[in-house]
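Below: one structure, written as structure tokens.
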Amino acid sequence: MKPLFDAPLAIVDLETTGAHPAWDRVTEIAVLEVAQGEVVSEWSTLVNPGTSIPPAIQALTGITNAMVTDAPAFEDLAAGLYERLEGRVFVAHNARFDYGFLRHAFERAGLRFQARTLCTVKLSRRLYPGHARHNLDSLIDRHHLQCGSRHRALDDARAVWQFLRVAAEERGADVMENALRQMAQLPALPAHIERATVDAIPDSPGVDLFYGENDPPLYVGKSVALRSRVLQP
């Protein structure tokens with residue numbers, strides 16, 4: 001089978017205490033490292049979030065407060081995880097969620113993380129436009145993927161990898177490779193704005209002001225995640 005992508009991939013899945021990266025925390029991380037179309041490493045760990053996991057999240061994931069009591073904190077894992085992800089295309093189902101959580105977590109650990117991302121939700125919509133639903137449960141059912149424990153990071157990451165392989169077989173390696181090349185990229189910025197300027201904006205709550213050529217601001221708004229808000233189209 002032709003390799004899915006020239007660049008190495010990191011297929012990532014997180015479990016968290018909630019939906020917002022500014023105040024919720026990671027409880028489990030899994031990373032599948034892929035090179036030349038083959039998984040070369042699987043890594044996963046529970047993470048002590050430093051806060052209680054809500055009962056509804058415990059019921060969803062099966063990860064309890066007792067399970068993470070002796071797990072390492074993210075700060076203790078950050079350096080090794082950063083090296084594991086560095087230079088790889090960040091692949092996740094709903095990548096904005098996982099990528100946003102990790103960027104926040106890395107920032108709290110004193111690291112600035114940035115990677116090309118590939119969202120397999122968007123990829124599924126592109127390759128299978130005739131289907132209405134593209135969440136992971138739908139992909140598992142539709143493509144007959146194996147997932148031993150849904151909402152556990154390693155099994156979910158494995159399901160995403162299976163989807164990539166199945167999609168390549170069904171749609172053809174060339175179609176898949178072209179889609180991956182076009183989608184796995186950093187968010188586009190206007191030519192006159194340097195990425196370092198945007199990266200310097202904290203992804204935390206605050207007020208954003210946009211100016212034109214004159215002194216009065218053209219727009220004043222507020223956001224719980226400033227950098228993400230600025231990058232929105």
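Chains: A, B, ... in order of the structure tokens. Residues: from 1 per chain. Ligands: from 1, in order shown.
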Per residue of segment 104-136 of chain A within 12 Å of segment 6-22 of chain A, what are the shortest atom pair and its distance in Å to one decimal, counting only C-alpha atoms, with rows by chain and residue number, as a Markdown table?
```
| residue | atom | partner | partner_atom | distance |
| --- | --- | --- | --- | --- |
| A:His104 | CA | A:Pro21 | CA | 6.3 |
| A:Ala105 | CA | A:Pro21 | CA | 8.0 |
| A:Phe106 | CA | A:Pro21 | CA | 11.2 |
| A:Glu107 | CA | A:Ala22 | CA | 10.7 |
| A:Arg108 | CA | A:Ala22 | CA | 10.1 |
| A:Ala115 | CA | A:Ala10 | CA | 10.2 |
| A:Arg116 | CA | A:Leu9 | CA | 9.8 |
| A:Thr117 | CA | A:Ala10 | CA | 9.5 |
| A:Leu118 | CA | A:Ile11 | CA | 9.3 |
| A:Cys119 | CA | A:Ile11 | CA | 10.1 |
| A:Thr120 | CA | A:Ile11 | CA | 10.0 |
| A:Leu136 | CA | A:Asp13 | CA | 11.5 |
```
Closest-contact table, segment 37-87 of chain A side, partner segment 151-175 of chain A, 8 Å, counting only C-alpha atoms, as JSON lines:
```
{"residue": "A:Trp43", "atom": "CA", "partner": "A:Leu154", "partner_atom": "CA", "distance": 7.8}
{"residue": "A:Ser44", "atom": "CA", "partner": "A:Leu154", "partner_atom": "CA", "distance": 6.2}
{"residue": "A:Leu60", "atom": "CA", "partner": "A:His151", "partner_atom": "CA", "distance": 7.0}
{"residue": "A:Thr61", "atom": "CA", "partner": "A:His151", "partner_atom": "CA", "distance": 5.0}
{"residue": "A:Gly62", "atom": "CA", "partner": "A:Arg152", "partner_atom": "CA", "distance": 7.8}
```
Q. So how many Å separate atom CA of Pro55 of chain A and atom CA of Ser149 of chain A, to one decimal?
A.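 Between atom CA of Pro55 of chain A and atom CA of Ser149 of chain A the gap works out to 18.3 Å.
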**Q.** Residues flagged helix (DSSP H, G or I) by DSSP in chain A, as a PyMOL selection string
**A.** chain A and resi 55-61+65-68+74-85+95-108+120-127+136-143+153-171+173-183+195-199+226-231
Q. Quick one: DSSP strand (DSSP E) residues in segment 66-191 of chain A, as JSON, numbers by chain?
A. {"A": [89, 90, 91, 92, 117, 118, 119]}
Q.
Ranking A:Arg150, A:Leu77, A:Gly130, A:Val121 by minimum distance to Phe97 of chain A and counting only C-alpha atoms, which one comes first?
A. A:Val121
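Atom to atom, atom CA of Gly148 of chain A and atom CA of Ala73 of chain A stand 25.8 Å apart.
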Q: Name all residues at most 9 Å from segment 51-53 of chain A (count only C-alpha atoms; drop same-chain ones fewer than 3 positions away) and give them as a PyMOL selection string.
A: chain A and resi 16-18+24-25+27+48+56-58+63-65
